[in-house]
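Report on the following structure.
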Amino acid sequence: MAAGKASVSRPRTRVNALMLTLPLVAFIAVTFVAPLISMMARGVYDPTVADIMPETIAALQSWDRQGLPPEEVYAAAARELTLAREERTIGRLATRLNRQAAGTRSVITRTGRALNRGAEPPWSESLPEIHEAWGEPEVWETLLLTGDRFTADYYLNAVDLQRTVDGDIVRQPETRRVYVDLFIRTIGVSLSVTLLCLAIGYPLAGFIAHAPPRRARLLLTLVLLPFWTSLLVRTTSWIVLLQQQGVINDILVWAGLVPDTERLTLVYNMTGTLVAMTHVLLPFMVLPLYSVMSGIPGVQMQAAASLGATWPRAFLRVYLPQSMPGVGAGCLLVFILAIGYYITPALVGGQSGQLISNLIAYHIQTSLNWGLGAALGTILFAAVVLLFVFYDRVLGLDRMKLGA
Amino acid sequence: MKSPNRIALAAATLLTAIWLSPSAHTQEAQSITVVSWGGSYARASVRAYHERFEAETGIRIDLEEYSGGLAQIRAQVETGNVSWDVIDIEAGDLLLGCDEGLLEEVDLATLPPAPDGTPAEEDFDETYALDCGVQGLTYSTVVAYNRERLTGPAPTTIADFFDLERFPGRRGLRRSPLVNLEFALVADGVPVESVYDVLSEPGGVDRAFAKLDTIRDVAVWWETGAQPPQMLADGEVLMSTAFNGRIFNAQALENQPLEILWDGQVLAAGYQAIVAGTSRLEAARRFVEFATSTQSLANITHYISYAPLRRSSQTLVDTHLDTGIEMAPHLPDWPANAVNAVIEDAEWWADNLDDMNERFAAWLVTGGR
Amino acid sequence: MNAKVQSSRGPGQWALAIFCTLALLFLIAPILVVIPLSFNAEPYFTFTAGMLTLDPDAYSLRWYEQVLLSDEWRRAAFNSLVIGLSATALATTLGTLAAVGLSSPAMPWRRAITALLISPMIVPIIIAAAGMFFFYSSVNLTQTYTGLILSHAALGAPFVVITVTAAMAGFNRELLQAAASLGAGPLRGFFKVQLPLISPGVISGALFAFAASLDEVVVVLFMGGIEQRTIPRQMWSGIREEISPAILSAATFLIVIAVLLLVTIELLRARSAKRSTGTGGSARAVH
């Protein structure tokens with residue numbers, strides 16, 4: 001009887017437990033996961049040209065790409081460009097084509113304006129009169145290349161590659177190669193910040209972990225205060241401290257270390273990014289280190305010392321190995337947070353302190369190259385997911401507690 | 001008995017509630033959002049015609065800050081959630097926005113005539129006429145410097161801005177390819193009238209960027225018009241490009257020791273445009289009519305040194321209201337100021353803005369170490 | 001508690017103490033420096049000669065006046081409260097339910113579901129904001145309060161899940177069975193027995209979620225319109241556009257709020273530590 005009851009109730013409690021999580025699962029799926037998927041999709045799906053010039057693209061399929069396309073293609077293009085001009089979609093079309101081949105924007109917008117004023121068939125003669133580019137195969141090949149709804153162009157662009165008309169994949173011209181460098185810079189900055197945090201955080205965490213309990217509590221609170229303070233506040237503080245007419249330069253000038261005319265540039269550059277990011281991320285290093293270190297008995301070091309080991313030797317052989325899980329957790333956490341960093345570099349990084357996140361924001365907010373922004377975002381996302389999978393394998397994600 | 005803690009908490013809550021509650025964010029009968037360039041220019045616009053517009057029409061103006069580009073407008077139009085109604089926009093953005101269907105078309109003929117009855121389309125300077133906006137003012141981007149920070153002679157030409165040997169020190173530049181390419185070419189010896197021909201030639205853009213390369217290490221980039229006067233006053237930079245009106249106001253109102261170098265200035269027109277799809281189209285049109293009326297455009301010159309593009313307003317230019325300074329010699333199109341001026345080619349920029357922005361962004365991010 | 005690493009204070013120990021003092025100074029000083037500067041009578045970001053000599057005329061409340069009387073800041077405070085409180089309510093309700101479910105020993109696919117539920121905390125905010133911008137604009141939720149509340153609730157829910165799960169770890173399930181044997185239904189058992197015992201976890205989760213919303217600026221930048229400007233969004237403009245010490249007085253307010261939140265969390269922690277095992281200390285995502 002008892003066994004029978006248990007086997008009946010277990011599936012029920014399973015369902016109950018599942019039902020309790022369901023609302024949040026559904027909520028996260030809609031408000032968070034769906035947006036991520038829509039971002040990934042944006043990087044490969046761009047229907048602009050296919051939607052605005054469907055007949056031209058269809059007619060171009062039969063073009064042998066020897067010489068110029070036939071009149072019917074020209075006629076379809078003229079018709080659809082006129083329509084696009086009327087429906088005011090021509091700007092979007094021009095933007096998309098221009099991204100594939102620089103300079104195409106003016107071909108499209110000028111043709112739109114001229115068609116609006118009126119033009120006559122045969123179109124294979126009047127279009128090249130409006131703009132000489134219609135008499136060359138390149139613009140047609142650009143249309144053909146971009147006519148697919150699905151495209152790898154944005155992802156290629158995100159790693160400084162492009163597709164030629166012949167389908168070859170080649171590097172972008174030198175003036176357009178940015179993103180690989182920027183990914184490398186982002187990784188470099190993240191590593192530097194991680195090491196800086198470790199250099200400051202390791203001794204600090206050790207000090208707190210082996211302080212008397214009351215003092216440890218107080219010190220830990222001091223570490224937590226910046227944690228709770230708004231990120232904007234902390235970033236503002238660094239601007240106040242580091243700018244040329246700021247507190248640190250004032251002190252240096254007052255102390256006679258720096259002449260008033262040559263105040264140091266400490267902010268709006270890489271220095272600003274490094275200092276402010278280290279400040280913001282330091283608590284994420286200290287807390288996991290502290291939680292591991294407070295579990296290492298201090299007597300072990302004394303025992304090692306009493307056995308004749310020098311302090312460095314005792315530290316290396318006894319203390320360091322036991323604190324390694326904390327080092328791993330702290331470093332990985334700081335690194336993961338650093339590679340996705342946005343606000344601090346945006347506000348204190350100037351130009352040289354910009355990271356990949358800032359370019360993602362730039363493409364979403366300013367250049368409006370949403371496909372490229374989405375592709376860059378997806379690559380960054382993939383990197384973070386990989387790092388977390390690694391974290392999970394090595395340290396266990398479920399052990400990630402909120403702090404101490 | 002209530003504990004003191006509870007009483008304090010209740011009092012704090014009450015105070016917060018009182019602070020938050022006033023009518024500040026309750027919707028009034030009608031309001032429009034006008035987007036403009038902030039700082040002293042926005043203050044000038046408010047005093048010149050926003051206040052009168054509100055008083056005369058009862059339509060409240062929410063003023064929002066803007067520093068160029070089409071991004072926010074495009075996002076609003078594409079999502080069908082238009083919160084901006086009228087925008088004070090640059091010519092290149094206006095052309096692009098018009099092509100993209102982001103802005104309403106405006107017909108100059110429907111605007112109110114000059115006081116003497118001249119129809120509006122004849123009263124406005126036709127060289128600047130574009131489909132989707134009303135040309136209001138010319139403004140100029142100039143080089144300015146702080147004379148108290150100079151140790152030697154003052155700069156006299158745009159080439160001096162790029163001369164780090166004679167004028168060592170940081171340079172403020174607008175964070176945009178706009179204006180910078182022009183300055184670079186003129187400083188590199190290109191005559192002002194052939195700047196856009198050179199830019200259209202193969203290698204022309206490379207030449208401009210190569211010239212910009214020479215000052216990249218000392219460049220400090222500004223985004224809003226309010227920043228350059230501040231950077232100059234603080235000594236953050238030795239020289240900076242800036243909108244001429246901002247420098248004028250820093251000189252006139254704040255007595256800052258700033259000087260304008262008119263050589264190589266880039267003259268451009270500013271437009272009033274209406275965002276497509278606004279639900280407050282009628283009020284927005286009324287505002288544009290009001291803002292580009294003879295009186296409003298003349299009034300602006302009482303507060304800031306930008307030149308009206310209505311002929312009937314130009315005759316009304318007199319003095320700066322707060323200081324009594326004679327305004328005409330401070331306007332960018334005053335003959336002595338416009339001796340060596342680049343006239344911005346909006347069409348070139350509309351055609352090339354995307355490419356230049358992309359190249360500029362890449363240039364900034366990868367080289368600015 | 002363990003003894004100190006070394007019983008005698010050698011030079012190494014002193015060096016460590018000095019180093020740690022400097023490190024703590026590095027953490028705290030930048031925050032504290034803002035407070036006196038917010039009382040600057042001059043529009044500068046640095047200490048004037050008068051301030052250093054403690055001349056009362058060098059100090060003023062003008063920036064506080066400016067912030068408190070400005071419609072923009074008032075609207076920002078109002079928006080931050082509305083969005084923060086609504087998002088917190090949503091995140092706390094859904095998060096607590098989910099955490100109770102996750103803590104059940106019978107919960108299937110626990111690892112996968114936990115990973116899903118805490119993913120908003122892990123994914124870099126710029127990516128989340130980009131995705132939300134694309135997705136929410138396709139369903140017309142950009143530039144609306146609803147859009148911001150939903151996204152902030154998603155970003156805040158993981159904190160609730162984690163703190164409540166931690167609180168549940170210390171909860172004795174036999175209490176629920178006891179309640180059931182006394183005739184309480186599952187709902188009654190939850191509200192009368194379980195909820196009061198895990199409430200410190202729920203409250204600290206709610207505080208985390210609220211703090212996360214109060215500090216969030218990237219999603220607001222991407223999705224919010226003028227109507228939805230929050231305090232951090234207003235500060236962002238303040239830093240980038242018109243640089244005035246007014247933002248320092250706003251910053252001082254935020255520091256006071258941070259201290260209050262920190263103290264509350266620590267008190268809750270101490271209380272629940274007494275009651276059962278800890279709910280985990282304090283942490284928050286920053287991006």
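We name chains A, B, ... following the order of the structure tokens; residues begin at 1 in each chain, and ligands are numbered from 1 as shown.
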Alpha helix (DSSP H) call set, DSSP backbone run, stretch 12-91 of chain C, as a PyMOL selection string: chain C and resi 12-37+49-52+62-69+71-91
Write a file of the just-selected residues containing C-alpha atoms, as a PDB file, in the first residue's frame.
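Result file follows (again.pdb):
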ATOM      1  CA  GLY C  12      54.955  41.318   5.692  1.00  0.00           C
ATOM      2  CA  GLN C  13      51.845  41.554   7.781  1.00  0.00           C
ATOM      3  CA  TRP C  14      52.165  45.313   7.948  1.00  0.00           C
ATOM      4  CA  ALA C  15      52.676  45.535   4.215  1.00  0.00           C
ATOM      5  CA  LEU C  16      49.544  43.445   3.709  1.00  0.00           C
ATOM      6  CA  ALA C  17      47.548  45.649   6.059  1.00  0.00           C
ATOM      7  CA  ILE C  18      48.694  48.798   4.271  1.00  0.00           C
ATOM      8  CA  PHE C  19      48.005  47.284   0.863  1.00  0.00           C
ATOM      9  CA  CYS C  20      44.509  46.287   1.934  1.00  0.00           C
ATOM     10  CA  THR C  21      43.818  49.705   3.391  1.00  0.00           C
ATOM     11  CA  LEU C  22      44.778  51.213   0.038  1.00  0.00           C
ATOM     12  CA  ALA C  23      42.614  48.680  -1.801  1.00  0.00           C
ATOM     13  CA  LEU C  24      39.632  49.539   0.385  1.00  0.00           C
ATOM     14  CA  LEU C  25      40.353  53.210  -0.143  1.00  0.00           C
ATOM     15  CA  PHE C  26      40.309  52.529  -3.889  1.00  0.00           C
ATOM     16  CA  LEU C  27      36.884  50.916  -3.470  1.00  0.00           C
ATOM     17  CA  ILE C  28      35.303  53.467  -1.180  1.00  0.00           C
ATOM     18  CA  ALA C  29      36.949  56.842  -1.765  1.00  0.00           C
ATOM     19  CA  PRO C  30      35.609  57.393  -5.292  1.00  0.00           C
ATOM     20  CA  ILE C  31      32.093  57.002  -3.949  1.00  0.00           C
ATOM     21  CA  LEU C  32      32.585  59.225  -0.947  1.00  0.00           C
ATOM     22  CA  VAL C  33      34.290  62.005  -2.861  1.00  0.00           C
ATOM     23  CA  VAL C  34      31.065  62.734  -4.681  1.00  0.00           C
ATOM     24  CA  ILE C  35      29.239  63.695  -1.512  1.00  0.00           C
ATOM     25  CA  PRO C  36      31.164  66.852  -0.505  1.00  0.00           C
ATOM     26  CA  LEU C  37      31.491  67.914  -4.134  1.00  0.00           C
ATOM     27  CA  ALA C  49      40.123  76.638  -2.372  1.00  0.00           C
ATOM     28  CA  GLY C  50      37.148  77.777  -0.313  1.00  0.00           C
ATOM     29  CA  MET C  51      35.916  74.240   0.164  1.00  0.00           C
ATOM     30  CA  LEU C  52      39.293  73.094   1.425  1.00  0.00           C
ATOM     31  CA  ARG C  62      22.040  74.963  -5.136  1.00  0.00           C
ATOM     32  CA  TRP C  63      22.494  71.654  -6.985  1.00  0.00           C
ATOM     33  CA  TYR C  64      20.073  69.909  -4.647  1.00  0.00           C
ATOM     34  CA  GLU C  65      17.640  72.708  -5.267  1.00  0.00           C
ATOM     35  CA  GLN C  66      18.134  72.320  -9.002  1.00  0.00           C
ATOM     36  CA  VAL C  67      17.518  68.580  -8.931  1.00  0.00           C
ATOM     37  CA  LEU C  68      14.608  68.657  -6.515  1.00  0.00           C
ATOM     38  CA  LEU C  69      12.841  71.451  -8.339  1.00  0.00           C
ATOM     39  CA  ASP C  71      10.517  68.626 -13.650  1.00  0.00           C
ATOM     40  CA  GLU C  72      12.896  66.319 -15.471  1.00  0.00           C
ATOM     41  CA  TRP C  73      14.418  64.827 -12.349  1.00  0.00           C
ATOM     42  CA  ARG C  74      11.047  64.594 -10.712  1.00  0.00           C
ATOM     43  CA  ARG C  75       9.662  62.734 -13.675  1.00  0.00           C
ATOM     44  CA  ALA C  76      12.743  60.506 -13.685  1.00  0.00           C
ATOM     45  CA  ALA C  77      12.256  59.662 -10.012  1.00  0.00           C
ATOM     46  CA  PHE C  78       8.601  58.960 -10.633  1.00  0.00           C
ATOM     47  CA  ASN C  79       9.434  56.691 -13.580  1.00  0.00           C
ATOM     48  CA  SER C  80      12.141  54.849 -11.680  1.00  0.00           C
ATOM     49  CA  LEU C  81       9.701  54.165  -8.858  1.00  0.00           C
ATOM     50  CA  VAL C  82       6.829  53.076 -11.077  1.00  0.00           C
ATOM     51  CA  ILE C  83       8.966  50.837 -13.264  1.00  0.00           C
ATOM     52  CA  GLY C  84      11.051  49.531 -10.365  1.00  0.00           C
ATOM     53  CA  LEU C  85       8.109  48.704  -8.125  1.00  0.00           C
ATOM     54  CA  SER C  86       6.025  47.087 -10.853  1.00  0.00           C
ATOM     55  CA  ALA C  87       8.954  45.055 -12.155  1.00  0.00           C
ATOM     56  CA  THR C  88       9.838  44.013  -8.604  1.00  0.00           C
ATOM     57  CA  ALA C  89       6.288  42.896  -7.850  1.00  0.00           C
ATOM     58  CA  LEU C  90       6.190  40.824 -11.010  1.00  0.00           C
ATOM     59  CA  ALA C  91       9.661  39.355 -10.558  1.00  0.00           C
TER      60      ALA C  91
END
Exercise: stretch 208-225 of chain C partners within 6 Å, only C-alpha atoms, chain neighbours under 3 positions left out, as a ChimeraX atom specification: /A:230 /C:84,88,129,133,142-143,152,156,205,228,232-233
Looking at A:Tyr391, A:Phe315, A:Phe381, A:Tyr362, which one is nearest to chain B, with distances taken over only C-alpha atoms?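 Closest candidate: A:Tyr362.
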Would you tabulate, counting only C-alpha atoms, all residues of stretch 328-389 of chain A that have an atom at most 12 Å from an atom of stretch 70-85 of chain B, showing the closest pair of atoms and their distance in Å to one decimal, sorted by chain then ascending number, as a Markdown table?
| residue | atom | partner | partner_atom | distance |
| --- | --- | --- | --- | --- |
| A:Ala361 | CA | B:Ala71 | CA | 11.5 |
| A:Tyr362 | CA | B:Ala71 | CA | 9.9 |
| A:His363 | CA | B:Ala71 | CA | 9.6 |
| A:Ile364 | CA | B:Ala71 | CA | 8.3 |
| A:Gln365 | CA | B:Ala71 | CA | 5.7 |
| A:Thr366 | CA | B:Ala71 | CA | 5.2 |
| A:Ser367 | CA | B:Ala71 | CA | 7.0 |
| A:Leu368 | CA | B:Ala71 | CA | 6.3 |
| A:Asn369 | CA | B:Ala71 | CA | 10.1 |
| A:Trp370 | CA | B:Ala71 | CA | 10.9 |
Computed interatomic separation between atom CA of C:Gly170 and atom CA of C:Ser199 (Å):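 Separation between atom CA of C:Gly170 and atom CA of C:Ser199: 12.0 Å.
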Which of these residues is nearest to chain A, using only C-alpha atoms: B:Ala233, B:Leu63, B:Ala184, B:Ile274?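 Among the listed residues, B:Ala233 lies closest to chain A.
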